[in-house]
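Asks: Take a look at final.txt, compact mmCIF, C-alpha atoms:
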```txt
# COMPACT_ATOMS: atom_id res chain seq x y z
CA MET Z 1 70.28 124.88 122.36
CA LYS Z 2 73.48 126.29 120.97
CA LYS Z 3 76.23 126.60 123.57
CA THR Z 4 77.28 130.16 124.32
CA VAL Z 5 80.42 131.56 125.92
CA ILE Z 6 79.52 130.88 129.54
CA ALA Z 7 77.83 127.57 128.69
CA LEU Z 8 80.98 126.42 126.92
CA ALA Z 9 83.03 127.34 129.98
CA ILE Z 10 80.65 125.30 132.13
CA ALA Z 11 80.89 122.23 129.91
CA ALA Z 12 84.67 122.49 129.52
CA PHE Z 13 86.81 119.85 131.16
CA ALA Z 14 86.78 120.81 134.83
CA ALA Z 15 86.62 124.42 133.62
CA THR Z 16 90.24 124.26 132.49
CA GLY Z 17 90.17 122.60 129.08
CA ALA Z 18 91.38 124.57 126.08
CA ALA Z 19 89.86 124.49 122.60
CA ASN Z 20 93.37 124.17 121.19
CA ALA Z 21 94.37 121.19 123.34
CA ALA Z 22 95.83 118.25 121.43
CA THR Z 23 94.99 114.67 122.32
CA VAL Z 24 98.31 112.91 122.94
CA TYR Z 25 96.87 109.61 124.20
CA ASN Z 26 93.45 108.00 123.78
CA GLN Z 27 93.15 104.28 124.51
CA ASP Z 28 91.15 101.92 126.73
CA GLY Z 29 88.96 104.72 128.07
CA THR Z 30 91.87 106.95 129.05
CA LYS Z 31 92.37 110.28 127.29
CA VAL Z 32 95.23 112.74 127.81
CA GLU Z 33 95.24 116.28 126.36
CA LEU Z 34 98.09 118.79 126.21
CA GLY Z 35 97.61 122.50 125.58
CA GLY Z 36 98.42 125.99 126.77
CA SER Z 37 99.50 129.39 125.57
CA ALA Z 38 102.44 131.79 125.56
CA ARG Z 39 101.37 135.34 126.53
CA ILE Z 40 103.64 138.37 126.44
CA PHE Z 41 103.13 142.12 126.66
CA LEU Z 42 105.65 144.71 125.47
CA GLY Z 43 105.25 148.36 126.44
CA LYS Z 44 104.91 150.74 129.35
CA VAL Z 45 103.33 148.48 131.92
CA GLY Z 46 103.00 150.65 135.04
CA HIS Z 47 102.34 149.41 138.58
CA ASP Z 48 99.45 147.61 140.18
CA PHE Z 49 96.90 149.66 142.10
CA ASP Z 50 98.09 148.39 145.47
CA ASN Z 51 101.76 149.13 144.83
CA ALA Z 52 103.22 152.05 146.75
CA ASN Z 53 104.80 153.40 143.55
CA PHE Z 54 101.52 153.55 141.63
CA GLY Z 55 101.61 156.55 139.29
CA LYS Z 56 105.38 156.88 139.10
CA SER Z 57 107.17 157.12 135.75
CA GLN Z 58 108.08 153.74 134.24
CA ARG Z 59 110.35 152.49 131.49
CA GLY Z 60 109.16 150.18 128.75
CA ASP Z 61 109.26 146.52 129.71
CA LEU Z 62 108.62 143.01 128.41
CA LYS Z 63 106.24 141.05 130.65
CA ASP Z 64 105.02 137.52 130.85
CA ASP Z 65 101.22 137.86 131.00
CA GLY Z 66 100.17 134.50 132.39
CA SER Z 67 101.79 132.02 129.98
CA ARG Z 68 100.73 128.49 130.85
CA ILE Z 69 100.97 124.78 130.05
CA LYS Z 70 97.96 122.53 130.67
CA VAL Z 71 97.65 118.77 130.96
CA ASN Z 72 94.18 117.23 131.30
CA ALA Z 73 93.48 113.53 131.63
CA SER Z 74 90.27 111.55 132.04
CA HIS Z 75 89.29 107.91 132.38
CA THR Z 76 85.83 106.57 131.59
CA LEU Z 77 84.28 104.30 134.22
CA ASP Z 78 80.93 102.48 134.21
CA ASN Z 79 77.39 103.90 134.45
CA GLY Z 80 78.23 107.39 133.17
CA LEU Z 81 80.99 107.95 135.73
CA SER Z 82 84.45 109.25 134.85
CA ALA Z 83 87.57 110.31 136.71
CA PHE Z 84 89.76 113.23 135.70
CA VAL Z 85 92.88 115.13 136.68
CA GLY Z 86 94.03 118.62 135.71
CA TYR Z 87 97.44 120.27 135.92
CA GLU Z 88 98.42 123.79 134.90
CA THR Z 89 101.76 125.54 135.23
CA ARG Z 90 102.58 129.23 135.30
CA PHE Z 91 105.91 131.07 135.40
CA LYS Z 92 105.75 133.14 138.57
CA ASP Z 93 108.67 132.45 140.89
CA LYS Z 94 111.67 134.73 140.57
CA GLN Z 95 114.38 133.19 138.46
CA LYS Z 96 118.11 133.92 138.41
CA GLU Z 97 118.56 137.18 136.56
CA ASN Z 98 121.10 137.18 133.76
CA GLN Z 99 121.11 140.96 134.02
CA GLU Z 100 121.18 141.90 137.70
CA GLY Z 101 118.11 143.87 138.75
CA SER Z 102 116.20 143.31 135.51
CA GLY Z 103 113.04 142.28 137.41
CA THR Z 104 112.12 139.53 134.96
CA THR Z 105 108.65 137.95 135.11
CA PHE Z 106 109.74 135.00 132.96
CA GLY Z 107 110.37 132.93 136.07
CA ASN Z 108 110.54 129.33 137.18
CA ILE Z 109 107.71 126.92 136.48
CA VAL Z 110 105.22 126.76 139.36
CA THR Z 111 102.00 124.83 139.88
CA ASN Z 112 99.02 127.08 139.31
CA LYS Z 113 96.39 124.32 139.31
CA LEU Z 114 96.45 120.68 140.35
CA PHE Z 115 93.20 118.82 141.00
CA VAL Z 116 91.43 115.48 140.64
CA GLY Z 117 87.75 114.66 140.49
CA PHE Z 118 84.80 112.70 139.21
CA GLY Z 119 82.41 113.47 136.40
CA PHE Z 120 78.77 112.34 136.55
CA GLU Z 121 77.03 112.17 133.19
CA ASN Z 122 74.18 114.71 132.88
CA VAL Z 123 74.80 115.82 136.49
CA GLY Z 124 78.12 117.64 136.75
CA LYS Z 125 81.70 117.43 138.00
CA LEU Z 126 83.16 117.28 141.49
CA SER Z 127 86.84 118.16 141.92
CA PHE Z 128 89.39 118.50 144.73
CA GLY Z 129 92.64 120.47 144.86
CA ARG Z 130 94.22 123.72 143.71
CA GLN Z 131 91.87 125.20 141.11
CA ALA Z 132 89.77 128.09 139.88
CA THR Z 133 86.50 128.57 141.75
CA THR Z 134 83.15 128.53 140.00
CA ALA Z 135 83.08 132.31 140.59
CA ASP Z 136 85.89 132.66 138.04
CA ASP Z 137 83.30 132.44 135.24
CA VAL Z 138 80.83 135.00 136.62
CA LEU Z 139 82.38 138.25 135.34
CA GLY Z 140 83.25 136.79 131.92
CA ASP Z 141 85.61 139.62 130.88
CA GLY Z 142 87.04 139.19 127.40
CA LEU Z 143 89.98 141.55 126.89
CA TYR Z 144 93.70 141.07 127.51
CA TYR Z 145 96.35 142.66 129.77
CA ARG Z 146 94.86 143.55 133.23
CA SER Z 147 91.33 142.77 132.02
CA GLY Z 148 88.86 142.44 134.91
CA LYS Z 149 91.54 143.32 137.44
CA LEU Z 150 89.17 144.90 140.01
CA ASN Z 151 86.75 141.95 140.15
CA PRO Z 152 85.84 141.55 143.87
CA LEU Z 153 84.97 137.82 143.79
CA THR Z 154 87.33 135.09 145.04
CA THR Z 155 88.20 133.40 141.74
CA SER Z 156 90.91 130.90 142.72
CA ALA Z 157 91.67 128.58 145.61
CA ASP Z 158 94.87 127.04 146.96
CA LYS Z 159 92.87 124.01 148.11
CA SER Z 160 89.16 123.51 147.64
CA ILE Z 161 86.23 121.23 146.86
CA LYS Z 162 84.32 122.35 143.79
CA PHE Z 163 81.10 121.21 142.14
CA ARG Z 164 79.98 122.43 138.72
CA SER Z 165 76.65 121.20 137.41
CA ALA Z 166 75.83 120.18 133.88
CA ASP Z 167 73.70 122.47 131.70
CA PHE Z 168 69.96 121.97 132.24
CA GLU Z 169 68.02 123.78 129.50
CA GLY Z 170 70.42 126.72 129.70
CA PHE Z 171 70.67 126.79 133.50
CA SER Z 172 73.60 125.60 135.62
CA PHE Z 173 75.07 126.26 139.05
CA GLY Z 174 78.23 125.79 141.08
CA ALA Z 175 79.47 125.59 144.66
CA ASP Z 176 82.89 125.80 146.32
CA TYR Z 177 84.40 125.17 149.74
CA LEU Z 178 87.86 126.64 150.34
CA PHE Z 179 90.28 125.36 152.99
CA GLY Z 180 92.72 127.60 154.85
CA ASN Z 181 95.45 127.34 157.47
CA PRO Z 182 95.02 124.08 159.45
CA GLU Z 183 96.40 125.79 162.60
CA LYS Z 184 93.65 127.55 164.52
CA TYR Z 185 95.68 130.64 165.45
CA THR Z 186 99.06 131.92 164.33
CA THR Z 187 101.12 135.00 165.08
CA ASN Z 188 100.25 136.41 161.65
CA ASP Z 189 96.99 136.86 159.77
CA SER Z 190 95.94 133.68 157.96
CA TYR Z 191 93.11 132.40 155.80
CA LYS Z 192 90.61 130.25 157.74
CA ASN Z 193 88.04 129.04 155.19
CA GLY Z 194 85.55 130.20 152.59
CA VAL Z 195 82.54 129.23 150.49
CA GLY Z 196 81.10 130.27 147.16
CA VAL Z 197 77.90 129.71 145.19
CA THR Z 198 77.19 130.62 141.57
CA ALA Z 199 74.36 130.38 139.04
CA PHE Z 200 74.32 130.75 135.25
CA TYR Z 201 71.64 131.01 132.56
CA ASN Z 202 71.92 131.40 128.81
CA TYR Z 203 69.22 131.81 126.17
CA ASP Z 204 69.55 131.80 122.37
CA PHE Z 205 67.06 133.93 120.47
CA GLU Z 206 68.47 132.69 117.17
CA LYS Z 207 71.85 132.04 115.57
CA ASN Z 208 74.45 134.60 116.79
CA HIS Z 209 71.83 136.32 118.97
CA ASN Z 210 71.86 135.36 122.64
CA ILE Z 211 71.88 136.65 126.21
CA GLU Z 212 73.60 135.25 129.30
CA PHE Z 213 73.20 135.92 133.01
CA ALA Z 214 75.51 134.98 135.88
CA ALA Z 215 75.49 135.54 139.64
CA GLY Z 216 78.12 134.76 142.24
CA TYR Z 217 78.63 135.06 146.00
CA THR Z 218 81.87 134.38 147.87
CA PHE Z 219 82.52 134.45 151.62
CA ASP Z 220 86.01 134.34 153.14
CA ARG Z 221 87.10 134.17 156.78
CA TYR Z 222 90.50 135.06 158.22
CA ASP Z 223 92.12 134.56 161.63
CA LEU Z 224 94.00 137.66 162.72
CA ASN Z 225 96.93 137.76 165.12
CA SER Z 226 94.92 136.80 168.23
CA SER Z 227 92.11 134.44 169.16
CA LEU Z 228 89.82 137.43 169.72
CA ALA Z 229 90.27 138.99 166.29
CA SER Z 230 88.90 137.81 162.96
CA ARG Z 231 87.88 139.14 159.55
CA LYS Z 232 84.96 138.22 157.31
CA GLU Z 233 84.63 139.27 153.68
CA HIS Z 234 81.38 139.05 151.71
CA ASN Z 235 81.38 139.60 147.94
CA TRP Z 236 78.62 139.28 145.37
CA LEU Z 237 78.43 140.02 141.65
CA LEU Z 238 75.72 140.01 138.97
CA SER Z 239 76.64 140.07 135.28
CA SER Z 240 74.97 139.89 131.89
CA HIS Z 241 76.36 139.33 128.38
CA TYR Z 242 74.45 140.15 125.22
CA ARG Z 243 75.46 139.22 121.68
CA LEU Z 244 73.90 140.34 118.41
CA ASP Z 245 75.92 139.15 115.42
CA ALA Z 246 79.26 141.01 115.50
CA PHE Z 247 78.45 143.09 118.59
CA LYS Z 248 78.94 141.92 122.18
CA PHE Z 249 78.12 143.89 125.31
CA ALA Z 250 78.62 143.03 129.00
CA VAL Z 251 77.62 144.73 132.23
CA ALA Z 252 78.22 143.76 135.86
CA TYR Z 253 77.58 145.15 139.32
CA GLY Z 254 78.84 143.88 142.66
CA GLN Z 255 79.54 144.75 146.27
CA HIS Z 256 82.19 143.92 148.84
CA THR Z 257 81.88 144.04 152.63
CA LYS Z 258 84.69 143.46 155.09
CA LYS Z 259 84.00 143.22 158.81
CA GLU Z 260 86.67 142.80 161.48
CA THR Z 261 86.25 141.95 165.15
CA GLY Z 262 88.78 142.92 167.76
CA VAL Z 263 90.23 145.75 165.68
CA ALA Z 264 87.09 147.72 164.66
CA HIS Z 265 88.01 148.14 161.02
CA ASP Z 266 85.26 147.67 158.39
CA THR Z 267 84.99 148.54 154.70
CA LYS Z 268 82.18 148.58 152.14
CA GLY Z 269 82.86 148.62 148.42
CA LYS Z 270 80.92 148.84 145.13
CA TYR Z 271 82.03 147.51 141.75
CA ILE Z 272 80.85 148.46 138.25
CA PHE Z 273 81.94 146.83 134.99
CA LEU Z 274 81.14 147.64 131.34
CA GLU Z 275 82.63 145.99 128.24
CA SER Z 276 81.90 146.09 124.53
CA LYS Z 277 83.47 144.18 121.63
CA TYR Z 278 82.97 144.43 117.90
CA ASP Z 279 84.08 141.72 115.48
CA LEU Z 280 85.19 143.19 112.15
CA ALA Z 281 85.40 139.75 110.51
CA ASP Z 282 81.62 139.60 110.04
CA VAL Z 283 81.38 143.18 108.74
CA ALA Z 284 84.54 144.08 106.85
CA GLY Z 285 86.09 140.64 106.41
CA ILE Z 286 89.03 141.64 108.63
CA PRO Z 287 89.90 139.02 111.31
CA SER Z 288 90.09 141.68 114.00
CA THR Z 289 88.24 142.64 117.19
CA LEU Z 290 87.86 146.08 118.77
CA GLY Z 291 87.22 146.21 122.51
CA LEU Z 292 86.50 148.73 125.26
CA GLN Z 293 86.28 148.09 129.01
CA TRP Z 294 85.64 150.21 132.10
CA GLU Z 295 85.92 149.11 135.72
CA ARG Z 296 85.24 151.16 138.84
CA TYR Z 297 85.71 150.11 142.44
CA SER Z 298 84.83 152.51 145.24
CA GLU Z 299 85.29 151.75 148.93
CA LYS Z 300 84.34 153.40 152.21
CA ASP Z 301 86.54 152.76 155.22
CA TYR Z 302 85.34 152.74 158.83
CA ASN Z 303 87.73 152.61 161.78
CA GLY Z 304 85.47 153.66 164.63
CA GLN Z 305 84.48 156.59 162.43
CA ASP Z 306 84.10 157.36 158.74
CA GLN Z 307 87.60 157.36 157.18
CA GLY Z 308 86.52 158.63 153.76
CA LYS Z 309 86.09 157.04 150.35
CA SER Z 310 88.63 155.74 147.85
CA ILE Z 311 87.92 155.24 144.13
CA LYS Z 312 89.78 153.17 141.53
CA ASN Z 313 89.02 153.37 137.80
CA GLN Z 314 90.49 151.41 134.91
CA TYR Z 315 89.78 152.08 131.21
CA ILE Z 316 90.98 149.73 128.45
CA ALA Z 317 90.91 150.16 124.66
CA MET Z 318 92.32 147.39 122.45
CA ALA Z 319 92.42 145.96 118.96
CA ASP Z 320 93.60 142.50 117.97
CA TYR Z 321 94.32 140.79 114.66
CA LYS Z 322 93.90 137.03 114.34
CA LEU Z 323 96.71 135.71 112.17
CA SER Z 324 95.05 132.34 112.85
CA LYS Z 325 92.79 131.00 115.58
CA ASN Z 326 95.94 130.17 117.57
CA VAL Z 327 98.05 133.30 116.98
CA VAL Z 328 96.64 136.65 118.11
CA PRO Z 329 98.70 139.86 118.32
CA TYR Z 330 97.05 142.97 119.78
CA VAL Z 331 97.64 146.56 120.82
CA GLN Z 332 96.20 148.05 123.98
CA TYR Z 333 95.94 151.31 125.92
CA THR Z 334 94.97 151.37 129.59
CA ARG Z 335 94.29 154.38 131.80
CA ALA Z 336 94.27 153.64 135.54
CA THR Z 337 93.38 156.26 138.16
CA GLU Z 338 93.01 156.22 141.92
CA LYS Z 339 91.80 158.67 144.54
CA ASP Z 340 92.53 157.65 148.12
CA ASN Z 341 90.38 158.37 151.16
CA VAL Z 342 92.09 161.71 151.83
CA GLY Z 343 91.65 163.00 148.27
CA GLN Z 344 95.15 162.35 146.89
CA ARG Z 345 95.00 161.40 143.20
CA THR Z 346 97.35 159.22 141.16
CA SER Z 347 97.15 157.98 137.58
CA GLU Z 348 98.97 155.69 135.19
CA ASN Z 349 99.01 155.31 131.40
CA ILE Z 350 99.77 151.77 130.22
CA TYR Z 351 100.21 151.04 126.54
CA GLY Z 352 101.92 148.55 124.29
CA ALA Z 353 101.52 145.44 122.17
CA GLY Z 354 100.88 141.87 123.18
CA LEU Z 355 100.95 138.44 121.61
CA ARG Z 356 99.15 135.22 122.50
CA VAL Z 357 100.13 131.93 120.88
CA HIS Z 358 97.88 128.99 121.77
CA PHE Z 359 98.82 125.37 121.33
```
Can you present the structure in this file as structure tokens?
Replies:
Amino acid sequence: MKKTVIALAIAAFAATGAANAATVYNQDGTKVELGGSARIFLGKVGHDFDNANFGKSQRGDLKDDGSRIKVNASHTLDNGLSAFVGYETRFKDKQKENQEGSGTTFGNIVTNKLFVGFGFENVGKLSFGRQATTADDVLGDGLYYRSGKLNPLTTSADKSIKFRSADFEGFSFGADYLFGNPEKYTTNDSYKNGVGVTAFYNYDFEKNHNIEFAAGYTFDRYDLNSSLASRKEHNWLLSSHYRLDAFKFAVAYGQHTKKETGVAHDTKGKYIFLESKYDLADVAGIPSTLGLQWERYSEKDYNGQDQGKSIKNQYIAMADYKLSKNVVPYVQYTRATEKDNVGQRTSENIYGAGLRVHF
């Protein structure tokens, strides 16, 4: 059965390997690969939804959009067993500003992922460390700047145990356990622990005609600022991807529930996702893709009584042009709106051009 997008992600090296990675060492059963990408966005970038200045006027800016360097290594053992390690950097920490107050996002190198594990032939992979969760592949969004931003699932872990199964006739599954603060109670809120389970299925009708399904559930627990207070967050998401030649369509629906003890503050949220992409290369011979995406997250707040409903929407329209498989410039327009639980409305228009260079 031909591997599809989600199936490829499942079979990828510990879910972090890149198609553009170069093998820099391969001897005596040990293989080392180096890869990554530079990602920038130039334009009016706006604020995040949760920023107090959301909706305020912004200047144009140049942003780092998740540039990364990846190193993957594996060593083949006996009886279908292998060991592997993965390392990925990002550029997040604030760096010394050459122009005071510039607010640069091209910061110092930080560790985004670092994990080790074992691979079991025809069974799956078990890994330990700082890594993406198996839920990171459930939504499967495929656009660029701020794509899939409102996804409610827990998609990354500071420290976790992760299992991702091999593909069995199109079906696979995953499981995660996330560790939190080793101290039982602190003066501030802290993450306690979490779990996640996922399932995936893909089916090929024929060449370039397939459908994929994914489901994910994540559960996170927090200690609040006393031994009598805690918070539990439940999230689940169902998604489907359909491809027919040059056309791709995706839909997802999920829910979020937060329950707190000791402070009587609960929320319930609903998430909707739609995405479509059209590949002009197969139709007009132009190496370009057109994409549209809509996300909506609505949430009801309860604090002893109904506190009203807030709604966030994000709309994305983009077009890219593949100069090669490794160099992809694009243009994008994003409209983000929010209505809080008292009816106050804010909006933001984000537009500009981006560039991704893979190596």
Asks: Near Asp279 (chain Z), within 7 Å and counting only C-alpha atoms, which residues show up once chain neighbours fewer than 6 positions away are dropped, as a PyMOL selection string?
Replies: chain Z and resi 246-247+288-290
Asks: Considering only C-alpha atoms, return as a list in words whatever protein or nucleic-acid residues lie within 7 Å of region 58-66 of chain Z, sequence-local ones (same chain, fewer than 3 positions apart) excluded.
Replies: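 The residues satisfying every condition are Arg39, Ile40, Phe41, Leu42, Gly43, Lys44, Val45, Gly46, Arg90, Thr105, Phe106 and Tyr145 of chain Z.
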Asks: Find the residues near Lys192 (chain Z): any atom within 9 Å, counting all atoms listed in the file, skip ones fewer than 4 places away on the same chain, and give them as a CSV table (one decimal) with C-alpha atoms, in the frame of the given file.
Replies:
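Generated file (around-v4.csv):
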```
chain,number,residue,atom,x,y,z
Z,178,LEU,CA,87.9,126.6,150.3
Z,179,PHE,CA,90.3,125.4,153.0
Z,180,GLY,CA,92.7,127.6,154.8
Z,181,ASN,CA,95.4,127.3,157.5
Z,182,PRO,CA,95.0,124.1,159.4
Z,183,GLU,CA,96.4,125.8,162.6
Z,184,LYS,CA,93.6,127.6,164.5
Z,220,ASP,CA,86.0,134.3,153.1
Z,221,ARG,CA,87.1,134.2,156.8
Z,222,TYR,CA,90.5,135.1,158.2
Z,223,ASP,CA,92.1,134.6,161.6
```
Asks: Would you kindly return, as a PyMOL selection string, each protein, DNA or RNA residue with an atom no farther than 9 Å from any atom of Ala38 (chain Z), considering all atoms listed in the file and excluding same-chain residues fewer than 4 positions away?
Replies: chain Z and resi 64-69+355-359
Asks: State, in Å with one decimal place, the distance from CA of His256 (chain Z) to CA of Glu233 (chain Z).
Replies: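 Separation of CA of His256 (chain Z) and CA of Glu233 (chain Z): 7.1 Å.
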Asks: Given only C-alpha atoms, how would the per-residue table for region 245-267 of chain Z near region 213-219 of chain Z read, listing every residue at most 10 Å away with its closest atom pair and distance in Å to one decimal, sorted by chain and number, as a tab-separated table?
Replies:
```
residue	atom	partner	partner_atom	distance
Z:Ala250	CA	Z:Phe213	CA	9.8
Z:Val251	CA	Z:Phe213	CA	9.9
Z:Ala252	CA	Z:Ala214	CA	9.2
Z:Tyr253	CA	Z:Ala215	CA	9.8
Z:Gly254	CA	Z:Gly216	CA	9.2
Z:Gln255	CA	Z:Tyr217	CA	9.7
Z:His256	CA	Z:Thr218	CA	9.6
Z:Thr257	CA	Z:Phe219	CA	9.7
Z:Lys258	CA	Z:Phe219	CA	9.9
```
Asks: Quick one, how far is CA of Gly291 (chain Z) from CA of Phe205 (chain Z)?
Replies: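 Interatomic distance here is 23.7 Å.
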Asks: Near Tyr315 (chain Z), within 12 Å and counting all atoms listed in the file, which residues show up once chain neighbours fewer than 4 positions away are dropped, as a PyMOL selection string?
Replies: chain Z and resi 143+145-150+272-276+291-296+332-338+347-351
Asks: Hey, can you check how far CA of Thr198 (chain Z) sits from CA of Tyr177 (chain Z)?
Replies: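 CA of Tyr177 (chain Z) lies 12.2 Å from CA of Thr198 (chain Z).
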Asks: From the set Z:Val328, Z:Ala166, Z:Val342, Z:Ala135, which residue has the shortest atom-to-atom contact distance to Asp301 (chain Z), counting all atoms listed in the file?
Replies: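 Smallest separation from Asp301 (chain Z) among the options: Z:Val342.
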Asks: Using only C-alpha atoms for the distances, tell me which of Z:Ala22, Z:Val197, Z:Leu126, Z:Val32 is nearest to Phe163 (chain Z).
Replies: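 Counting only C-alpha atoms, the residue closest to Phe163 (chain Z) is Z:Leu126.
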Asks: Restricting the calculation to all atoms listed in the file: of Z:Glu206, Z:Asp189, Z:Gly117, Z:Val195, which residue gets closest to Arg231 (chain Z)?
Replies: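 Counting all atoms listed in the file, the residue closest to Arg231 (chain Z) is Z:Asp189.
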Asks: Find the residue from Z:Leu244, Z:Leu139, Z:Leu153, Z:Leu237 that sits nearest to Gly194 (chain Z); use only C-alpha atoms when measuring.
Replies: Z:Leu153
Asks: Around the point (92.8, 141.3, 113.5) in the file's coordinates, collect all residues with an atom within 10 Å, using all atoms listed in the file, and return them as a list in words.
Replies: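 Collected hits near the coordinates: Asp279, Leu280, Ala281, Gly285, Ile286, Pro287, Ser288, Thr289, Leu290, Ala319, Asp320, Tyr321, Lys322, Leu323, Ser324, Val328, Pro329 and Tyr330 of chain Z.
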Asks: Produce a file of the selected residues containing C-alpha atoms, as an mmCIF file, keeping the file's coordinate frame.
Replies:
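Generated output (result23.cif):
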```cif
data_model
loop_
_atom_site.group_PDB
_atom_site.id
_atom_site.type_symbol
_atom_site.label_atom_id
_atom_site.label_comp_id
_atom_site.auth_asym_id
_atom_site.auth_seq_id
_atom_site.Cartn_x
_atom_site.Cartn_y
_atom_site.Cartn_z
ATOM 1 C CA ASP Z 279 84.080 141.720 115.480
ATOM 2 C CA LEU Z 280 85.190 143.190 112.150
ATOM 3 C CA ALA Z 281 85.400 139.750 110.510
ATOM 4 C CA GLY Z 285 86.090 140.640 106.410
ATOM 5 C CA ILE Z 286 89.030 141.640 108.630
ATOM 6 C CA PRO Z 287 89.900 139.020 111.310
ATOM 7 C CA SER Z 288 90.090 141.680 114.000
ATOM 8 C CA THR Z 289 88.240 142.640 117.190
ATOM 9 C CA LEU Z 290 87.860 146.080 118.770
ATOM 10 C CA ALA Z 319 92.420 145.960 118.960
ATOM 11 C CA ASP Z 320 93.600 142.500 117.970
ATOM 12 C CA TYR Z 321 94.320 140.790 114.660
ATOM 13 C CA LYS Z 322 93.900 137.030 114.340
ATOM 14 C CA LEU Z 323 96.710 135.710 112.170
ATOM 15 C CA SER Z 324 95.050 132.340 112.850
ATOM 16 C CA VAL Z 328 96.640 136.650 118.110
ATOM 17 C CA PRO Z 329 98.700 139.860 118.320
ATOM 18 C CA TYR Z 330 97.050 142.970 119.780
#
```
Asks: Please write as a PyMOL selection string the list of polymer residues whose atoms come within 9 Å of (69.3, 138.4, 124.7), counting only C-alpha atoms and keeping to the coordinates of the file.
Replies: chain Z and resi 202-205+209-212+241-244
